[in-house]
>>> print(open('query.cif').read())   # mmCIF, C-alpha atoms
data_entry
loop_
_atom_site.group_PDB
_atom_site.id
_atom_site.type_symbol
_atom_site.label_atom_id
_atom_site.label_comp_id
_atom_site.auth_asym_id
_atom_site.auth_seq_id
_atom_site.Cartn_x
_atom_site.Cartn_y
_atom_site.Cartn_z
ATOM 1 C CA MET P 1 -7.247 9.281 -26.964
ATOM 2 C CA SER P 2 -8.008 5.645 -27.664
ATOM 3 C CA GLN P 3 -7.559 2.963 -25.014
ATOM 4 C CA THR P 4 -4.521 1.580 -26.891
ATOM 5 C CA ASP P 5 -2.755 4.922 -26.466
ATOM 6 C CA GLY P 6 -2.588 4.403 -22.715
ATOM 7 C CA PRO P 7 -4.712 5.204 -19.682
ATOM 8 C CA ILE P 8 -7.515 7.717 -20.072
ATOM 9 C CA GLY P 9 -7.060 10.398 -17.459
ATOM 10 C CA PRO P 10 -9.142 13.188 -15.963
ATOM 11 C CA GLU P 11 -10.648 15.997 -17.997
ATOM 12 C CA ASP P 12 -8.057 18.702 -18.689
ATOM 13 C CA PRO P 13 -8.683 21.571 -16.220
ATOM 14 C CA LEU P 14 -7.175 24.004 -18.755
ATOM 15 C CA GLU P 15 -9.949 23.065 -21.175
ATOM 16 C CA VAL P 16 -12.844 22.248 -18.837
ATOM 17 C CA PRO P 17 -12.932 24.283 -15.592
ATOM 18 C CA ARG P 18 -12.785 22.186 -12.446
ATOM 19 C CA PHE P 19 -16.231 23.337 -11.329
ATOM 20 C CA ALA P 20 -17.715 21.986 -14.565
ATOM 21 C CA GLY P 21 -17.547 18.720 -16.471
ATOM 22 C CA ARG P 22 -17.803 15.207 -15.079
ATOM 23 C CA SER P 23 -18.954 14.523 -11.538
ATOM 24 C CA THR P 24 -16.915 11.320 -11.298
ATOM 25 C CA PHE P 25 -13.926 10.833 -9.000
ATOM 26 C CA ALA P 26 -11.251 13.323 -10.171
ATOM 27 C CA ARG P 27 -13.377 13.727 -13.339
ATOM 28 C CA LEU P 28 -12.069 10.377 -14.543
ATOM 29 C CA PRO P 29 -13.916 8.069 -16.942
ATOM 30 C CA ARG P 30 -16.548 5.698 -15.645
ATOM 31 C CA ARG P 31 -15.600 2.042 -15.380
ATOM 32 C CA ASP P 32 -17.855 1.137 -18.312
ATOM 33 C CA GLU P 33 -16.039 3.645 -20.517
ATOM 34 C CA VAL P 34 -12.652 1.911 -20.389
ATOM 35 C CA GLU P 35 -11.680 -1.548 -21.610
ATOM 36 C CA ARG P 36 -9.269 -2.252 -18.765
ATOM 37 C CA CYS P 37 -8.922 -0.913 -15.244
ATOM 38 C CA ASP P 38 -5.974 -1.012 -12.887
ATOM 39 C CA VAL P 39 -7.701 0.757 -9.977
ATOM 40 C CA ALA P 40 -11.464 0.981 -9.627
ATOM 41 C CA VAL P 41 -12.824 3.666 -7.305
ATOM 42 C CA ALA P 42 -16.139 2.700 -5.719
ATOM 43 C CA GLY P 43 -18.380 4.554 -3.334
ATOM 44 C CA ILE P 44 -20.053 2.624 -0.521
ATOM 45 C CA PRO P 45 -22.737 4.961 0.874
ATOM 46 C CA PHE P 46 -23.546 2.935 3.984
ATOM 47 C CA ASP P 47 -23.633 4.186 7.578
ATOM 48 C CA SER P 48 -26.048 1.907 9.417
ATOM 49 C CA GLY P 49 -23.197 0.644 11.613
ATOM 50 C CA VAL P 50 -22.427 3.945 13.346
ATOM 51 C CA THR P 51 -22.621 4.307 17.120
ATOM 52 C CA TYR P 52 -22.835 8.106 17.358
ATOM 53 C CA ARG P 53 -23.390 10.606 14.534
ATOM 54 C CA PRO P 54 -24.757 9.255 11.223
ATOM 55 C CA GLY P 55 -24.152 10.828 7.819
ATOM 56 C CA ALA P 56 -21.207 8.960 6.283
ATOM 57 C CA ARG P 57 -23.578 7.597 3.621
ATOM 58 C CA PHE P 58 -23.078 10.985 1.964
ATOM 59 C CA GLY P 59 -19.281 10.689 2.119
ATOM 60 C CA PRO P 60 -18.661 9.237 -1.372
ATOM 61 C CA HIS P 61 -20.457 12.110 -3.095
ATOM 62 C CA ALA P 62 -18.605 14.744 -1.043
ATOM 63 C CA ILE P 63 -15.197 13.143 -1.608
ATOM 64 C CA ARG P 64 -15.813 12.875 -5.343
ATOM 65 C CA ASN P 65 -16.729 16.537 -5.524
ATOM 66 C CA ALA P 66 -13.564 17.515 -3.635
ATOM 67 C CA THR P 67 -11.373 15.542 -6.059
ATOM 68 C CA ARG P 68 -12.100 18.123 -8.762
ATOM 69 C CA LEU P 69 -9.076 19.999 -7.385
ATOM 70 C CA LEU P 70 -6.595 17.152 -7.882
ATOM 71 C CA ARG P 71 -3.922 17.535 -10.559
ATOM 72 C CA SER P 72 -2.144 15.001 -12.715
ATOM 73 C CA TYR P 73 1.404 14.964 -11.264
ATOM 74 C CA HIS P 74 2.371 13.967 -7.705
ATOM 75 C CA PRO P 75 5.763 15.621 -7.066
ATOM 76 C CA GLY P 76 6.243 14.025 -3.637
ATOM 77 C CA LEU P 77 6.127 10.522 -5.133
ATOM 78 C CA ASP P 78 7.395 11.572 -8.578
ATOM 79 C CA VAL P 79 4.532 9.800 -10.298
ATOM 80 C CA HIS P 80 1.562 10.546 -12.538
ATOM 81 C CA PRO P 81 -1.117 8.480 -10.754
ATOM 82 C CA PHE P 82 -3.531 8.700 -13.683
ATOM 83 C CA GLN P 83 -0.967 7.990 -16.406
ATOM 84 C CA ALA P 84 0.925 5.145 -14.722
ATOM 85 C CA GLN P 85 -2.314 3.174 -14.351
ATOM 86 C CA GLN P 86 -5.881 3.244 -15.569
ATOM 87 C CA VAL P 87 -8.099 4.587 -12.797
ATOM 88 C CA ALA P 88 -11.855 4.612 -13.312
ATOM 89 C CA ASP P 89 -14.921 5.477 -11.269
ATOM 90 C CA ALA P 90 -17.068 2.386 -10.702
ATOM 91 C CA GLY P 91 -19.963 4.312 -9.183
ATOM 92 C CA ASP P 92 -21.607 3.425 -5.884
ATOM 93 C CA ILE P 93 -22.365 0.027 -4.391
ATOM 94 C CA ALA P 94 -26.046 -0.121 -3.482
ATOM 95 C CA CYS P 95 -26.678 -1.779 -0.132
ATOM 96 C CA ASN P 96 -29.618 -2.212 2.218
ATOM 97 C CA PRO P 97 -29.730 0.642 4.770
ATOM 98 C CA PHE P 98 -32.076 -1.303 7.084
ATOM 99 C CA ASP P 99 -30.470 -4.756 7.185
ATOM 100 C CA LEU P 100 -26.821 -4.579 8.214
ATOM 101 C CA THR P 101 -26.074 -8.247 7.601
ATOM 102 C CA GLU P 102 -27.537 -8.111 4.113
ATOM 103 C CA ALA P 103 -25.639 -4.893 3.386
ATOM 104 C CA ILE P 104 -22.337 -6.550 4.337
ATOM 105 C CA SER P 105 -23.107 -9.401 1.922
ATOM 106 C CA GLN P 106 -24.024 -6.939 -0.833
ATOM 107 C CA ILE P 107 -20.786 -4.982 -0.369
ATOM 108 C CA GLU P 108 -18.755 -8.185 -0.420
ATOM 109 C CA ALA P 109 -20.423 -9.450 -3.600
ATOM 110 C CA ALA P 110 -20.107 -6.111 -5.397
ATOM 111 C CA ALA P 111 -16.442 -5.711 -4.451
ATOM 112 C CA GLU P 112 -15.763 -9.245 -5.671
ATOM 113 C CA GLU P 113 -17.369 -8.426 -8.998
ATOM 114 C CA LEU P 114 -15.449 -5.162 -9.387
ATOM 115 C CA LEU P 115 -12.156 -6.903 -8.710
ATOM 116 C CA GLY P 116 -12.996 -9.368 -11.453
ATOM 117 C CA GLY P 117 -12.235 -6.545 -13.864
ATOM 118 C CA ALA P 118 -9.693 -4.466 -11.939
ATOM 119 C CA ASP P 119 -6.389 -5.061 -10.201
ATOM 120 C CA ALA P 120 -7.159 -2.995 -7.100
ATOM 121 C CA LEU P 121 -10.075 -1.275 -5.412
ATOM 122 C CA LEU P 122 -10.141 2.091 -3.659
ATOM 123 C CA SER P 123 -13.351 2.307 -1.636
ATOM 124 C CA LEU P 124 -14.965 5.525 -0.420
ATOM 125 C CA GLY P 125 -17.216 5.056 2.612
ATOM 126 C CA GLY P 126 -19.466 4.994 4.308
ATOM 127 C CA ASP P 127 -18.752 3.924 7.870
ATOM 128 C CA HIS P 128 -16.013 1.549 8.978
ATOM 129 C CA THR P 129 -18.277 -1.489 8.937
ATOM 130 C CA ILE P 130 -17.489 -1.744 5.217
ATOM 131 C CA ALA P 131 -13.887 -2.776 5.935
ATOM 132 C CA LEU P 132 -14.944 -6.290 6.940
ATOM 133 C CA PRO P 133 -16.544 -7.376 3.633
ATOM 134 C CA LEU P 134 -13.706 -5.696 1.736
ATOM 135 C CA LEU P 135 -11.128 -7.641 3.754
ATOM 136 C CA ARG P 136 -13.001 -10.864 3.016
ATOM 137 C CA VAL P 137 -12.581 -10.180 -0.692
ATOM 138 C CA MET P 138 -8.921 -9.273 -0.204
ATOM 139 C CA HIS P 139 -8.369 -12.556 1.616
ATOM 140 C CA ARG P 140 -9.825 -14.598 -1.239
ATOM 141 C CA ARG P 141 -7.600 -12.728 -3.671
ATOM 142 C CA HIS P 142 -4.337 -12.488 -1.713
ATOM 143 C CA GLY P 143 -4.651 -14.701 1.343
ATOM 144 C CA PRO P 144 -4.201 -13.105 4.792
ATOM 145 C CA VAL P 145 -3.182 -9.472 4.413
ATOM 146 C CA ALA P 146 -1.191 -7.040 6.511
ATOM 147 C CA LEU P 147 -3.502 -4.322 7.802
ATOM 148 C CA LEU P 148 -2.507 -0.681 8.167
ATOM 149 C CA HIS P 149 -5.313 1.038 10.047
ATOM 150 C CA PHE P 150 -5.402 4.816 10.559
ATOM 151 C CA ASP P 151 -7.983 5.755 13.192
ATOM 152 C CA ALA P 152 -8.628 7.456 16.503
ATOM 153 C CA HIS P 153 -10.235 4.209 17.673
ATOM 154 C CA LEU P 154 -9.157 0.570 17.822
ATOM 155 C CA ASP P 155 -12.261 -0.846 16.099
ATOM 156 C CA THR P 156 -11.492 -4.222 17.655
ATOM 157 C CA TRP P 157 -14.366 -4.180 20.151
ATOM 158 C CA ASP P 158 -16.619 -7.209 20.447
ATOM 159 C CA THR P 159 -20.193 -5.891 20.309
ATOM 160 C CA TYR P 160 -22.373 -2.833 20.744
ATOM 161 C CA PHE P 161 -25.768 -3.567 22.340
ATOM 162 C CA GLY P 162 -25.249 -7.196 21.381
ATOM 163 C CA ALA P 163 -24.609 -6.393 17.706
ATOM 164 C CA ALA P 164 -21.512 -8.103 16.324
ATOM 165 C CA TYR P 165 -21.285 -5.986 13.163
ATOM 166 C CA THR P 166 -20.774 -2.249 13.680
ATOM 167 C CA HIS P 167 -18.191 0.338 12.730
ATOM 168 C CA GLY P 168 -16.370 -0.392 16.001
ATOM 169 C CA THR P 169 -15.976 -4.151 15.456
ATOM 170 C CA PRO P 170 -14.701 -4.856 11.904
ATOM 171 C CA PHE P 171 -11.128 -5.757 12.770
ATOM 172 C CA ARG P 172 -12.062 -8.080 15.624
ATOM 173 C CA ARG P 173 -14.325 -9.939 13.210
ATOM 174 C CA ALA P 174 -11.547 -9.910 10.590
ATOM 175 C CA TRP P 175 -9.116 -11.423 13.095
ATOM 176 C CA GLU P 176 -11.666 -14.064 14.123
ATOM 177 C CA GLU P 177 -12.196 -14.993 10.465
ATOM 178 C CA GLY P 178 -8.457 -15.343 9.809
ATOM 179 C CA LEU P 179 -8.354 -12.511 7.283
ATOM 180 C CA LEU P 180 -5.309 -10.767 8.763
ATOM 181 C CA LEU P 181 -1.668 -11.757 8.585
ATOM 182 C CA GLU P 182 -0.558 -12.540 12.118
ATOM 183 C CA GLU P 183 1.697 -9.922 13.736
ATOM 184 C CA HIS P 184 1.446 -7.677 10.670
ATOM 185 C CA ALA P 185 -1.417 -5.401 11.720
ATOM 186 C CA THR P 186 -0.831 -1.844 12.903
ATOM 187 C CA HIS P 187 -3.054 0.935 14.188
ATOM 188 C CA VAL P 188 -1.907 4.536 13.698
ATOM 189 C CA GLY P 189 -3.329 7.598 15.447
ATOM 190 C CA ILE P 190 -5.080 5.885 18.355
ATOM 191 C CA ARG P 191 -6.020 8.265 21.146
ATOM 192 C CA GLY P 192 -8.757 9.194 23.578
ATOM 193 C CA PRO P 193 -10.553 7.295 26.326
ATOM 194 C CA LEU P 194 -11.384 3.602 26.181
ATOM 195 C CA PHE P 195 -14.116 1.526 27.788
ATOM 196 C CA SER P 196 -11.616 -0.498 29.840
ATOM 197 C CA PRO P 197 -7.902 -1.435 30.025
ATOM 198 C CA ASP P 198 -9.028 -4.794 28.649
ATOM 199 C CA ASP P 199 -9.560 -3.096 25.281
ATOM 200 C CA LEU P 200 -5.781 -2.864 24.923
ATOM 201 C CA VAL P 201 -5.271 -6.395 26.230
ATOM 202 C CA ASP P 202 -7.655 -7.786 23.620
ATOM 203 C CA ASP P 203 -6.100 -5.707 20.869
ATOM 204 C CA ALA P 204 -2.621 -6.988 21.692
ATOM 205 C CA ARG P 205 -3.972 -10.545 21.768
ATOM 206 C CA PHE P 206 -5.169 -10.049 18.198
ATOM 207 C CA GLY P 207 -1.594 -9.179 17.192
ATOM 208 C CA PHE P 208 -1.963 -5.444 16.607
ATOM 209 C CA ALA P 209 0.819 -2.946 17.165
ATOM 210 C CA ILE P 210 -0.131 0.645 17.956
ATOM 211 C CA VAL P 211 1.447 3.949 16.945
ATOM 212 C CA THR P 212 -0.544 6.370 19.073
ATOM 213 C CA ALA P 213 -1.072 10.010 18.226
ATOM 214 C CA MET P 214 1.261 10.892 21.112
ATOM 215 C CA ASP P 215 3.911 8.481 19.768
ATOM 216 C CA LEU P 216 3.794 10.439 16.555
ATOM 217 C CA GLU P 217 4.129 13.701 18.472
ATOM 218 C CA GLU P 218 7.248 12.360 20.201
ATOM 219 C CA HIS P 219 8.998 10.527 17.360
ATOM 220 C CA GLY P 220 7.734 12.181 14.178
ATOM 221 C CA VAL P 221 6.488 11.152 10.748
ATOM 222 C CA ARG P 222 9.684 9.554 9.461
ATOM 223 C CA ALA P 223 10.073 7.261 12.459
ATOM 224 C CA ALA P 224 6.416 6.243 12.204
ATOM 225 C CA ALA P 225 6.767 5.393 8.524
ATOM 226 C CA GLU P 226 9.949 3.383 9.162
ATOM 227 C CA HIS P 227 8.250 1.454 11.972
ATOM 228 C CA ILE P 228 5.256 0.687 9.756
ATOM 229 C CA ARG P 229 7.423 -0.456 6.853
ATOM 230 C CA ALA P 230 9.400 -2.787 9.113
ATOM 231 C CA ARG P 231 6.248 -4.306 10.575
ATOM 232 C CA LEU P 232 4.349 -4.775 7.305
ATOM 233 C CA GLY P 233 7.356 -5.950 5.318
ATOM 234 C CA ASP P 234 6.777 -7.390 1.850
ATOM 235 C CA ALA P 235 3.294 -8.694 2.632
ATOM 236 C CA PRO P 236 0.224 -7.619 0.666
ATOM 237 C CA VAL P 237 -1.046 -4.556 2.546
ATOM 238 C CA TYR P 238 -4.589 -3.312 2.965
ATOM 239 C CA VAL P 239 -4.830 0.338 4.079
ATOM 240 C CA SER P 240 -7.926 1.494 5.946
ATOM 241 C CA VAL P 241 -8.181 5.211 6.707
ATOM 242 C CA ASP P 242 -10.837 6.451 9.101
ATOM 243 C CA ILE P 243 -10.824 10.198 8.552
ATOM 244 C CA ASP P 244 -11.221 10.723 12.317
ATOM 245 C CA VAL P 245 -7.531 9.849 12.610
ATOM 246 C CA LEU P 246 -7.164 13.544 11.862
ATOM 247 C CA ASP P 247 -7.727 16.095 14.595
ATOM 248 C CA PRO P 248 -11.192 17.713 14.462
ATOM 249 C CA ALA P 249 -9.397 20.938 13.542
ATOM 250 C CA HIS P 250 -8.504 19.260 10.229
ATOM 251 C CA ALA P 251 -11.516 16.945 9.844
ATOM 252 C CA PRO P 252 -14.600 18.092 11.746
ATOM 253 C CA GLY P 253 -16.964 16.253 9.402
ATOM 254 C CA THR P 254 -16.924 12.821 10.966
ATOM 255 C CA GLY P 255 -19.123 10.719 13.209
ATOM 256 C CA THR P 256 -16.938 10.157 16.273
ATOM 257 C CA PRO P 257 -14.382 12.985 16.576
ATOM 258 C CA GLU P 258 -11.577 12.828 19.146
ATOM 259 C CA ALA P 259 -9.274 15.655 20.219
ATOM 260 C CA GLY P 260 -5.514 15.368 19.834
ATOM 261 C CA GLY P 261 -5.327 13.824 16.377
ATOM 262 C CA LEU P 262 -2.951 13.976 13.442
ATOM 263 C CA THR P 263 -2.612 16.919 11.127
ATOM 264 C CA SER P 264 -3.390 16.323 7.481
ATOM 265 C CA ARG P 265 0.310 16.884 6.728
ATOM 266 C CA GLU P 266 1.293 14.112 9.145
ATOM 267 C CA LEU P 267 -1.166 11.653 7.633
ATOM 268 C CA LEU P 268 -0.085 12.402 4.073
ATOM 269 C CA GLY P 269 3.555 12.240 5.127
ATOM 270 C CA ILE P 270 3.212 8.781 6.667
ATOM 271 C CA LEU P 271 1.416 7.494 3.571
ATOM 272 C CA ARG P 272 4.091 8.976 1.335
ATOM 273 C CA GLY P 273 6.703 7.128 3.367
ATOM 274 C CA LEU P 274 5.170 3.821 2.246
ATOM 275 C CA ALA P 275 6.146 4.225 -1.419
ATOM 276 C CA GLY P 276 7.112 0.941 -3.028
ATOM 277 C CA MET P 277 5.156 -1.283 -0.653
ATOM 278 C CA ASN P 278 2.710 -3.873 -1.973
ATOM 279 C CA ILE P 279 -0.564 -2.010 -1.409
ATOM 280 C CA VAL P 280 -3.378 -4.252 -2.664
ATOM 281 C CA GLY P 281 -6.466 -2.349 -1.527
ATOM 282 C CA ALA P 282 -7.614 0.637 0.485
ATOM 283 C CA ASP P 283 -10.596 2.448 1.904
ATOM 284 C CA ILE P 284 -11.357 5.921 3.243
ATOM 285 C CA VAL P 285 -14.275 5.985 5.656
ATOM 286 C CA GLU P 286 -16.329 8.033 8.123
ATOM 287 C CA VAL P 287 -16.514 11.275 6.122
ATOM 288 C CA ALA P 288 -19.811 12.806 7.270
ATOM 289 C CA PRO P 289 -20.243 16.034 5.289
ATOM 290 C CA ALA P 290 -23.191 17.331 7.341
ATOM 291 C CA TYR P 291 -20.729 18.109 10.156
ATOM 292 C CA ASP P 292 -18.045 19.556 7.872
ATOM 293 C CA HIS P 293 -16.947 23.172 7.614
ATOM 294 C CA ALA P 294 -15.827 24.753 4.329
ATOM 295 C CA GLU P 295 -15.361 21.220 2.908
ATOM 296 C CA MET P 296 -12.268 20.726 5.095
ATOM 297 C CA THR P 297 -12.895 17.046 5.771
ATOM 298 C CA CYS P 298 -13.762 15.988 2.238
ATOM 299 C CA MET P 299 -10.789 17.975 0.906
ATOM 300 C CA ALA P 300 -8.514 16.101 3.313
ATOM 301 C CA ALA P 301 -10.092 12.811 2.256
ATOM 302 C CA SER P 302 -9.629 13.630 -1.432
ATOM 303 C CA HIS P 303 -5.911 14.157 -0.873
ATOM 304 C CA VAL P 304 -5.666 10.931 1.094
ATOM 305 C CA ALA P 305 -7.267 9.212 -1.913
ATOM 306 C CA TYR P 306 -4.729 10.862 -4.220
ATOM 307 C CA GLU P 307 -1.890 9.709 -1.968
ATOM 308 C CA LEU P 308 -3.227 6.167 -2.059
ATOM 309 C CA LEU P 309 -3.469 6.253 -5.848
ATOM 310 C CA GLY P 310 0.150 7.380 -5.920
ATOM 311 C CA LEU P 311 1.052 4.375 -3.764
ATOM 312 C CA PHE P 312 -0.854 2.056 -6.097
ATOM 313 C CA ALA P 313 1.163 3.515 -8.985
ATOM 314 C CA ARG P 314 4.435 2.961 -7.106
ATOM 315 C CA ARG P 315 3.781 -0.717 -6.313
ATOM 316 C CA PRO P 316 6.492 -3.132 -7.476
ATOM 317 C CA ALA P 317 4.142 -4.818 -9.992
ATOM 318 C CA VAL P 318 3.333 -1.470 -11.607
ATOM 319 C CA ARG P 319 6.940 -0.249 -11.660
ATOM 320 C CA ASP P 320 8.158 -3.497 -13.171
#
>>> encode(input="query.cif", output="structure tokens")
Amino acid sequence: MSQTDGPIGPEDPLEVPRFAGRSTFARLPRRDEVERCDVAVAGIPFDSGVTYRPGARFGPHAIRNATRLLRSYHPGLDVHPFQAQQVADAGDIACNPFDLTEAISQIEAAAEELLGGADALLSLGGDHTIALPLLRVMHRRHGPVALLHFDAHLDTWDTYFGAAYTHGTPFRRAWEEGLLLEEHATHVGIRGPLFSPDDLVDDARFGFAIVTAMDLEEHGVRAAAEHIRARLGDAPVYVSVDIDVLDPAHAPGTGTPEAGGLTSRELLGILRGLAGMNIVGADIVEVAPAYDHAEMTCMAASHVAYELLGLFARRPAVRD
């Protein structure tokens, strides 16, 4: 197929078995193999900002490998994510594992360059520190964005051991830098113990709403999706998915697991309920394959990535 015939999709699993062929995301073409790109998928193998278990630097490779099982048609969204748009694997962003500040600058610069030749970026982490440089790039492209943050943790803390940049602080820094659209930021899946009641006071001061894991238990997926849609509205939306939003029974391979989380079905269901919203960028972070069992976590992450690609394909600009 030539580029003028339409998007180049994954290798055909009926011709090339899924365990063979390309090692790219979903066995898609590399970015340098296509003339245009609607969604670039980039790995960011960085985990120097973690506060407990390291290992998310190996997340991009594990997620890519798990995407071999993805197929071309998404029946839940009634869309072909790889035919409605050109998706390509942009490889990994190289960043300094010893200098966190330099790494943040490198991620920001690389994301900026990738978005010079693509409409949207799906980033595979890496730890949650990477969300800050990505949001900086989103802000330059779209202005302040609405943030939809799936996580067990708030990630709006101030510092750890005096360090301002860690995987627990990106959204406080983003708020301080004016990257977020006021009163349009929402956490989903929050649970577990906090350092202090002031954590919630600060978070509310930053304009975040919270759908806790127990809220979801009480009200269900549909109500959560409706609440999120009403809060985010028509704004450009950045989606950040920490895989520890899932219960450790569904995602054991992560750095800071918390009991009482979402099922993978609940997470996918909420994302599916966002069809038609203006999703401008997304990341999936904190997949640490060394702690995984039977590839459960990276399989869950691969399906989250597929769901996000379906949402990119259902955006108003793509449909129109």
>>> residues_around(input="query.cif", residues="P:Asp89", least_positions_apart="4", cutoff="10 Å", atoms="all atoms listed in the file", output="list in words")
Ser23, Thr24, Phe25, Ala26, Arg27, Leu28, Pro29, Arg30, Arg31, Asp32, Glu33, Cys37, Val39, Ala40, Val41, Ala42, Gly43, Arg64 and Leu122 of chain P
>>> closest_residue(input="query.cif", among="P:Ser264, P:Thr297, P:Pro236, P:Asp215", to="P:Arg315", atoms="only C-alpha atoms")
P:Pro236
>>> closest_residue(input="query.cif", among="P:Gly168, P:Gly276, P:Gly9, P:Gly116", to="P:Ala313", atoms="all atoms listed in the file")
P:Gly276
>>> resolve_selection(input="query.cif", expression="the PyMOL selection byres ((chain P and resi 167) around 7)", output="mmCIF file with C-alpha atoms, in the coordinates of the input")
data_model
loop_
_atom_site.group_PDB
_atom_site.id
_atom_site.type_symbol
_atom_site.label_atom_id
_atom_site.label_comp_id
_atom_site.auth_asym_id
_atom_site.auth_seq_id
_atom_site.Cartn_x
_atom_site.Cartn_y
_atom_site.Cartn_z
ATOM 1 C CA GLY P 49 -23.197 0.644 11.613
ATOM 2 C CA VAL P 50 -22.427 3.945 13.346
ATOM 3 C CA ASP P 127 -18.752 3.924 7.870
ATOM 4 C CA HIS P 128 -16.013 1.549 8.978
ATOM 5 C CA THR P 129 -18.277 -1.489 8.937
ATOM 6 C CA ASP P 155 -12.261 -0.846 16.099
ATOM 7 C CA THR P 166 -20.774 -2.249 13.680
ATOM 8 C CA GLY P 168 -16.370 -0.392 16.001
ATOM 9 C CA THR P 169 -15.976 -4.151 15.456
ATOM 10 C CA PRO P 170 -14.701 -4.856 11.904
#
>>> closest_residue(input="query.cif", among="P:Leu124, P:Ala110, P:Val280, P:Ala152", to="P:Phe58", atoms="only C-alpha atoms")
P:Leu124
>>> residues_around(input="query.cif", residues="P:Pro289", least_positions_apart="5", cutoff="9 Å", atoms="only C-alpha atoms", output="VMD selection string")
chain P and resid 55 to 56 58 to 59 62 252 to 254 295 297 to 298
>>> residues_around(input="query.cif", residues="P:Gln83", least_positions_apart="3", cutoff="7 Å", atoms="all atoms listed in the file", output="list of chain:residue names")
P:Pro7, P:Gly9, P:His80, P:Gln86
>>> residues_around(input="query.cif", residues="P:His184", least_positions_apart="4", cutoff="10 Å", atoms="only C-alpha atoms", output="mmCIF file with C-alpha atoms, in the frame of the given file")
data_model
loop_
_atom_site.group_PDB
_atom_site.id
_atom_site.type_symbol
_atom_site.label_atom_id
_atom_site.label_comp_id
_atom_site.auth_asym_id
_atom_site.auth_seq_id
_atom_site.Cartn_x
_atom_site.Cartn_y
_atom_site.Cartn_z
ATOM 1 C CA PRO P 144 -4.201 -13.105 4.792
ATOM 2 C CA VAL P 145 -3.182 -9.472 4.413
ATOM 3 C CA ALA P 146 -1.191 -7.040 6.511
ATOM 4 C CA LEU P 147 -3.502 -4.322 7.802
ATOM 5 C CA LEU P 148 -2.507 -0.681 8.167
ATOM 6 C CA LEU P 180 -5.309 -10.767 8.763
ATOM 7 C CA GLY P 207 -1.594 -9.179 17.192
ATOM 8 C CA PHE P 208 -1.963 -5.444 16.607
ATOM 9 C CA ALA P 209 0.819 -2.946 17.165
ATOM 10 C CA ILE P 228 5.256 0.687 9.756
ATOM 11 C CA ALA P 230 9.400 -2.787 9.113
ATOM 12 C CA ARG P 231 6.248 -4.306 10.575
ATOM 13 C CA LEU P 232 4.349 -4.775 7.305
ATOM 14 C CA GLY P 233 7.356 -5.950 5.318
ATOM 15 C CA ALA P 235 3.294 -8.694 2.632
ATOM 16 C CA VAL P 237 -1.046 -4.556 2.546
#
>>> closest_residue(input="query.cif", among="P:Val188, P:Gly143, P:Ile243, P:Ile93", to="P:His303", atoms="only C-alpha atoms")
P:Ile243
